[in-house]
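A.B. asks: upload-v2.txt is reproduced in full below (compact mmCIF, C-alpha atoms).
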```
# COMPACT_ATOMS: atom_id res chain seq x y z
CA MET A 138 -41.36 10.81 -18.22
CA SER A 139 -44.63 12.25 -19.47
CA LEU A 140 -43.52 13.02 -23.02
CA PRO A 141 -45.60 11.32 -25.69
CA HIS A 142 -43.72 8.26 -26.88
CA PRO A 143 -43.23 7.51 -30.54
CA GLY A 144 -45.35 4.82 -32.08
CA PRO A 145 -44.03 1.90 -34.12
CA GLY A 146 -42.38 2.98 -37.36
CA GLU A 147 -41.72 6.54 -36.18
CA PRO A 148 -38.10 7.75 -36.36
CA ILE A 149 -36.42 8.35 -33.00
CA ASP A 150 -33.31 10.52 -32.75
CA VAL A 151 -30.42 8.69 -31.08
CA ARG A 152 -27.59 10.83 -32.45
CA PRO A 153 -24.97 12.05 -30.01
CA LEU A 154 -26.23 15.07 -28.03
CA GLY A 155 -22.86 16.80 -28.36
CA PRO A 156 -22.92 20.26 -26.75
CA ARG A 157 -26.45 19.61 -25.40
CA LEU A 158 -25.21 16.65 -23.35
CA GLY A 159 -24.31 18.71 -20.29
CA ALA A 160 -27.88 19.92 -19.78
CA ALA A 161 -29.58 16.68 -20.82
CA ALA A 162 -31.38 14.14 -18.65
CA SER A 163 -31.87 10.42 -19.15
CA THR A 164 -34.96 9.80 -21.27
CA ALA A 165 -37.29 6.86 -21.86
CA LEU A 166 -37.53 6.56 -25.64
CA PHE A 167 -40.31 3.98 -25.85
CA ARG A 168 -41.70 0.93 -24.10
CA THR A 169 -43.78 -1.96 -25.33
CA ASP A 170 -44.87 -5.12 -23.56
CA ASP A 171 -41.64 -6.79 -24.67
CA VAL A 172 -38.92 -4.17 -24.70
CA GLU A 173 -37.97 -0.85 -23.14
CA VAL A 174 -35.45 1.53 -24.70
CA MET A 175 -33.94 4.55 -23.03
CA ARG A 176 -31.10 7.00 -23.48
CA LEU A 177 -29.04 7.11 -20.31
CA VAL A 178 -27.10 10.34 -19.78
CA LEU A 179 -24.09 9.96 -17.49
CA PRO A 180 -21.89 13.03 -16.87
CA LYS A 181 -18.16 12.57 -16.35
CA GLY A 182 -17.42 11.16 -12.90
CA LYS A 183 -20.97 9.95 -12.28
CA SER A 184 -21.81 6.32 -11.58
CA VAL A 185 -24.76 3.97 -11.66
CA PRO A 186 -24.36 1.69 -8.61
CA GLU A 187 -24.45 -2.06 -9.02
CA HIS A 188 -27.88 -3.44 -9.76
CA HIS A 189 -29.49 -5.85 -12.17
CA VAL A 190 -32.55 -6.11 -14.36
CA GLU A 191 -34.69 -9.18 -15.01
CA GLY A 192 -34.26 -9.47 -18.75
CA GLU A 193 -31.37 -9.37 -21.16
CA MET A 194 -30.13 -5.97 -22.18
CA THR A 195 -27.83 -4.26 -24.63
CA LEU A 196 -25.82 -1.15 -23.83
CA GLN A 197 -24.59 0.95 -26.73
CA CYS A 198 -22.32 3.91 -26.12
CA LEU A 199 -23.54 6.82 -28.26
CA GLU A 200 -20.89 9.30 -27.11
CA GLY A 201 -18.22 9.60 -24.44
CA THR A 202 -16.62 6.72 -22.54
CA VAL A 203 -17.95 4.54 -19.73
CA ASP A 204 -16.60 1.68 -17.69
CA VAL A 205 -18.99 -1.23 -17.31
CA GLN A 206 -18.29 -3.46 -14.31
CA THR A 207 -19.90 -6.91 -14.13
CA GLY A 208 -18.70 -8.87 -11.12
CA ASP A 209 -14.91 -8.87 -11.36
CA GLN A 210 -14.90 -8.04 -15.08
CA ALA A 211 -14.53 -4.46 -16.29
CA GLN A 212 -14.96 -3.26 -19.86
CA ARG A 213 -14.49 0.17 -21.32
CA LEU A 214 -17.10 1.24 -23.86
CA SER A 215 -16.44 4.15 -26.20
CA ALA A 216 -18.75 5.78 -28.73
CA GLY A 217 -19.84 3.20 -31.28
CA GLU A 218 -19.34 0.15 -29.08
CA MET A 219 -22.02 -2.01 -27.51
CA LEU A 220 -22.27 -5.08 -25.32
CA TYR A 221 -25.01 -7.37 -24.07
CA LEU A 222 -25.71 -8.78 -20.64
CA TYR A 223 -27.87 -11.73 -19.64
CA GLY A 224 -30.78 -11.08 -17.34
CA HIS A 225 -30.00 -10.88 -13.61
CA THR A 226 -26.36 -9.89 -14.27
CA PRO A 227 -25.24 -7.39 -11.63
CA TYR A 228 -23.53 -4.43 -13.28
CA SER A 229 -22.43 -0.90 -12.53
CA LEU A 230 -21.43 2.01 -14.76
CA SER A 231 -19.08 4.93 -14.36
CA ALA A 232 -18.46 7.69 -16.88
CA LEU A 233 -14.88 8.65 -17.74
CA GLU A 234 -16.20 11.41 -20.01
CA ASP A 235 -19.66 12.92 -20.44
CA ALA A 236 -21.52 10.03 -22.03
CA SER A 237 -24.88 8.93 -23.34
CA LEU A 238 -25.89 5.31 -23.85
CA LEU A 239 -28.72 3.55 -25.61
CA MET A 240 -30.12 0.88 -23.28
CA THR A 241 -32.39 -1.79 -24.74
CA MET A 242 -33.98 -3.92 -22.03
CA LEU A 243 -36.05 -7.01 -22.71
CA ARG A 244 -39.09 -7.06 -20.47
CA LYS A 245 -40.00 -10.38 -18.95
CA GLY A 246 -43.61 -11.33 -18.32
CA GLU A 247 -43.36 -10.57 -14.61
CA ASN A 248 -42.01 -7.08 -15.34
CA SER A 249 -44.78 -6.21 -17.74
CA LYS A 250 -47.20 -6.66 -14.86
CA ASP A 251 -45.06 -5.18 -12.07
CA ASP A 252 -44.13 -1.99 -13.86
CA ASP A 253 -47.53 -0.81 -14.99
CA MET B 1110 -21.72 -16.89 -40.21
CA SER B 1111 -19.05 -19.01 -38.57
CA LEU B 1112 -17.16 -16.24 -36.82
CA PRO B 1113 -16.89 -16.69 -33.07
CA HIS B 1114 -19.53 -14.50 -31.44
CA PRO B 1115 -18.72 -12.22 -28.54
CA GLY B 1116 -19.78 -13.30 -25.08
CA PRO B 1117 -21.79 -11.19 -22.66
CA GLY B 1118 -19.93 -8.09 -21.51
CA GLU B 1119 -17.55 -8.07 -24.49
CA PRO B 1120 -17.40 -4.85 -26.51
CA ILE B 1121 -18.79 -5.08 -30.06
CA ASP B 1122 -17.88 -2.51 -32.69
CA VAL B 1123 -20.95 -0.90 -34.25
CA ARG B 1124 -19.29 2.26 -35.53
CA PRO B 1125 -20.00 3.30 -39.10
CA LEU B 1126 -17.93 1.28 -41.57
CA GLY B 1127 -17.21 4.37 -43.66
CA PRO B 1128 -14.90 3.57 -46.59
CA ARG B 1129 -15.08 -0.17 -45.74
CA LEU B 1130 -18.85 -0.21 -46.30
CA GLY B 1131 -18.63 -0.94 -50.02
CA ALA B 1132 -16.83 -4.25 -49.47
CA ALA B 1133 -18.71 -5.26 -46.33
CA ALA B 1134 -21.35 -7.96 -45.88
CA SER B 1135 -24.19 -8.18 -43.41
CA THR B 1136 -23.00 -9.76 -40.18
CA ALA B 1137 -24.63 -11.53 -37.24
CA LEU B 1138 -23.18 -9.83 -34.17
CA PHE B 1139 -24.56 -12.16 -31.50
CA ARG B 1140 -27.56 -14.29 -30.66
CA THR B 1141 -28.96 -15.52 -27.38
CA ASP B 1142 -32.17 -17.40 -26.61
CA ASP B 1143 -34.01 -14.08 -26.32
CA VAL B 1144 -32.45 -11.70 -28.81
CA GLU B 1145 -30.53 -11.61 -32.08
CA VAL B 1146 -28.50 -8.61 -33.21
CA MET B 1147 -27.02 -8.09 -36.65
CA ARG B 1148 -25.50 -5.38 -38.78
CA LEU B 1149 -27.33 -5.23 -42.08
CA VAL B 1150 -25.30 -3.77 -44.96
CA LEU B 1151 -27.43 -2.33 -47.76
CA PRO B 1152 -25.64 -0.69 -50.71
CA LYS B 1153 -27.27 2.25 -52.48
CA GLY B 1154 -30.19 1.12 -54.65
CA LYS B 1155 -30.52 -2.29 -52.98
CA SER B 1156 -33.71 -3.44 -51.29
CA VAL B 1157 -34.92 -5.98 -48.78
CA PRO B 1158 -38.29 -7.21 -50.06
CA GLU B 1159 -41.32 -7.14 -47.80
CA HIS B 1160 -41.27 -9.77 -45.08
CA HIS B 1161 -41.86 -9.97 -41.35
CA VAL B 1162 -40.32 -11.50 -38.27
CA GLU B 1163 -42.10 -13.06 -35.30
CA GLY B 1164 -40.87 -10.79 -32.55
CA GLU B 1165 -40.52 -7.08 -32.05
CA MET B 1166 -37.49 -5.43 -33.55
CA THR B 1167 -35.59 -2.17 -33.58
CA LEU B 1168 -33.80 -0.81 -36.63
CA GLN B 1169 -31.08 1.77 -36.06
CA CYS B 1170 -29.41 3.46 -39.00
CA LEU B 1171 -25.66 3.56 -38.35
CA GLU B 1172 -24.74 5.29 -41.62
CA GLY B 1173 -26.35 6.24 -44.91
CA THR B 1174 -30.07 6.61 -45.53
CA VAL B 1175 -32.80 3.99 -45.97
CA ASP B 1176 -36.51 4.07 -46.61
CA VAL B 1177 -38.53 1.77 -44.38
CA GLN B 1178 -41.93 0.81 -45.78
CA THR B 1179 -44.54 -0.73 -43.48
CA GLY B 1180 -47.85 -1.24 -45.21
CA ASP B 1181 -48.80 2.14 -46.68
CA GLN B 1182 -46.47 4.04 -44.33
CA ALA B 1183 -42.95 5.04 -45.42
CA GLN B 1184 -40.28 6.51 -43.18
CA ARG B 1185 -36.82 7.72 -44.04
CA LEU B 1186 -34.09 6.77 -41.57
CA SER B 1187 -30.76 8.58 -41.58
CA ALA B 1188 -27.64 7.91 -39.54
CA GLY B 1189 -28.47 8.22 -35.85
CA GLU B 1190 -32.18 7.48 -36.16
CA MET B 1191 -34.00 4.33 -35.09
CA LEU B 1192 -37.51 2.94 -35.04
CA TYR B 1193 -39.27 -0.08 -33.63
CA LEU B 1194 -41.77 -2.46 -35.17
CA TYR B 1195 -44.14 -4.88 -33.48
CA GLY B 1196 -43.80 -8.55 -34.28
CA HIS B 1197 -45.44 -9.76 -37.51
CA THR B 1198 -45.29 -6.27 -39.07
CA PRO B 1199 -44.58 -6.60 -42.82
CA TYR B 1200 -41.78 -4.25 -43.81
CA SER B 1201 -39.37 -3.62 -46.63
CA LEU B 1202 -36.18 -1.57 -46.89
CA SER B 1203 -34.47 0.30 -49.68
CA ALA B 1204 -31.17 2.17 -49.48
CA LEU B 1205 -30.96 5.71 -50.85
CA GLU B 1206 -27.24 5.77 -49.99
CA ASP B 1207 -24.82 3.04 -48.97
CA ALA B 1208 -26.10 2.19 -45.51
CA SER B 1209 -25.60 -0.06 -42.53
CA LEU B 1210 -28.21 -0.74 -39.88
CA LEU B 1211 -28.20 -2.31 -36.45
CA MET B 1212 -31.12 -4.75 -36.24
CA THR B 1213 -32.17 -6.00 -32.80
CA MET B 1214 -34.74 -8.78 -33.05
CA LEU B 1215 -36.55 -10.27 -30.09
CA ARG B 1216 -36.73 -14.02 -30.43
CA LYS B 1217 -39.98 -15.68 -29.48
CA GLY B 1218 -40.07 -19.13 -27.92
CA GLU B 1219 -41.14 -20.77 -31.17
CA ASN B 1220 -38.23 -19.16 -33.04
CA SER B 1221 -35.66 -20.37 -30.57
CA LYS B 1222 -36.63 -23.89 -31.51
CA ASP B 1223 -37.19 -23.37 -35.23
CA ASP B 1224 -33.94 -21.58 -35.94
CA ASP B 1225 -31.45 -23.91 -34.30
```
Please render this file's structure as structure tokens.
C.D. replies:
Amino acid sequence: MSLPHPGPGEPIDVRPLGPRLGAAASTALFRTDDVEVMRLVLPKGKSVPEHHVEGEMTLQCLEGTVDVQTGDQAQRLSAGEMLYLYGHTPYSLSALEDASLLMTMLRKGENSKDDD
Amino acid sequence: MSLPHPGPGEPIDVRPLGPRLGAAASTALFRTDDVEVMRLVLPKGKSVPEHHVEGEMTLQCLEGTVDVQTGDQAQRLSAGEMLYLYGHTPYSLSALEDASLLMTMLRKGENSKDDD
């Protein structure tokens, strides 16, 4: 992800990609010491296998529909819905329709050092 | 704000309010030790005077249009645009159209104690 990232106060486009979704890739939108925000693109039928991140996160469905599995709990997220997960929560995603999601991940102190 | 807050993994509706916007109030969506998320409702012509918060924040315009002033910099945010601000950044808002915004505020250790 070598695109220049927006600075604080600069508008970032998080509208649905619509017809451009099929050719789009997941994109890091910005990262600071404390938070990392990306747009995850997940085509219909694709999955993100179970994993977890250190910090809390929010997942906001910008378009399409995804199933979010956390342990034995499954939730369906459609465009305009969000949820949050505590840090270290194992979760997986699968797209029922072409989807894009806004992921906001809180970076813990140990991550800030590990990732750079 | 005495409504029961959603738990982790529970879908939260952040779609535009549309015709319900005029009668809506700002709402705390959820709060954990690390993050607080609210929907700010700002009718056309209304402002939020300059202030700052301790932690970093993101502001995402869900509907309408707002001007975001930070120091001598002004940015216009329309539906589907977001920006981030570092902690302690003074900012003010004014609505050019009836608007609602998703505010995600990182809570610092000192806030977690002060606010409760």
A.B. asks: Using all atoms listed in the file, pick whichever of A:Glu173, A:Val203, A:Val185, A:Leu179 has the shortest atom-to-atom distance to A:Thr241.
C.D. replies: A:Glu173
A.B. asks: If we count all atoms listed in the file, which residues of chain A reach to within 8 Å of chain B? Please list them as a ChimeraX atom specification.
C.D. replies: /A:144-153,171,193,207,212-214,216-223
A.B. asks: Measure the distance from atom CA of A:Asp209 to atom CA of A:Glu191 in Å and round it to one decimal.
C.D. replies: 20.1 Å
A.B. asks: Quick one: distance from atom CA of B:Ser1209 to atom CA of A:Leu230 in Å, one decimal?
C.D. replies: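 The value is 28.2 Å.
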A.B. asks: Go through A:Leu166, A:Thr202, A:Gly208, A:Leu158 and flag the residue nearest A:Gly182, using only C-alpha atoms for the distances.
C.D. replies: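 Nearest to A:Gly182: A:Thr202.
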A.B. asks: Enter the distance from atom CA of B:Pro1152 to atom CA of B:Ala1137, in Å, rounded to one decimal.
C.D. replies: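 According to the coordinates, atom CA of B:Pro1152 and atom CA of B:Ala1137 are separated by 17.3 Å.
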A.B. asks: Counting all atoms listed in the file, figure out which residue out of B:Gly1196, B:Gly1173, B:Gly1131, B:Pro1158 gets nearest to B:Leu1210.
C.D. replies: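 Closest to B:Leu1210, using all atoms listed in the file: B:Gly1173.
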A.B. asks: When you count all atoms listed in the file, which of these residues is closest to B:Ser1201: B:Lys1217, B:Ala1134, B:Lys1155, B:Glu1172?
C.D. replies: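 Nearest candidate to B:Ser1201 out of B:Lys1217, B:Ala1134, B:Lys1155, B:Glu1172: B:Lys1155.
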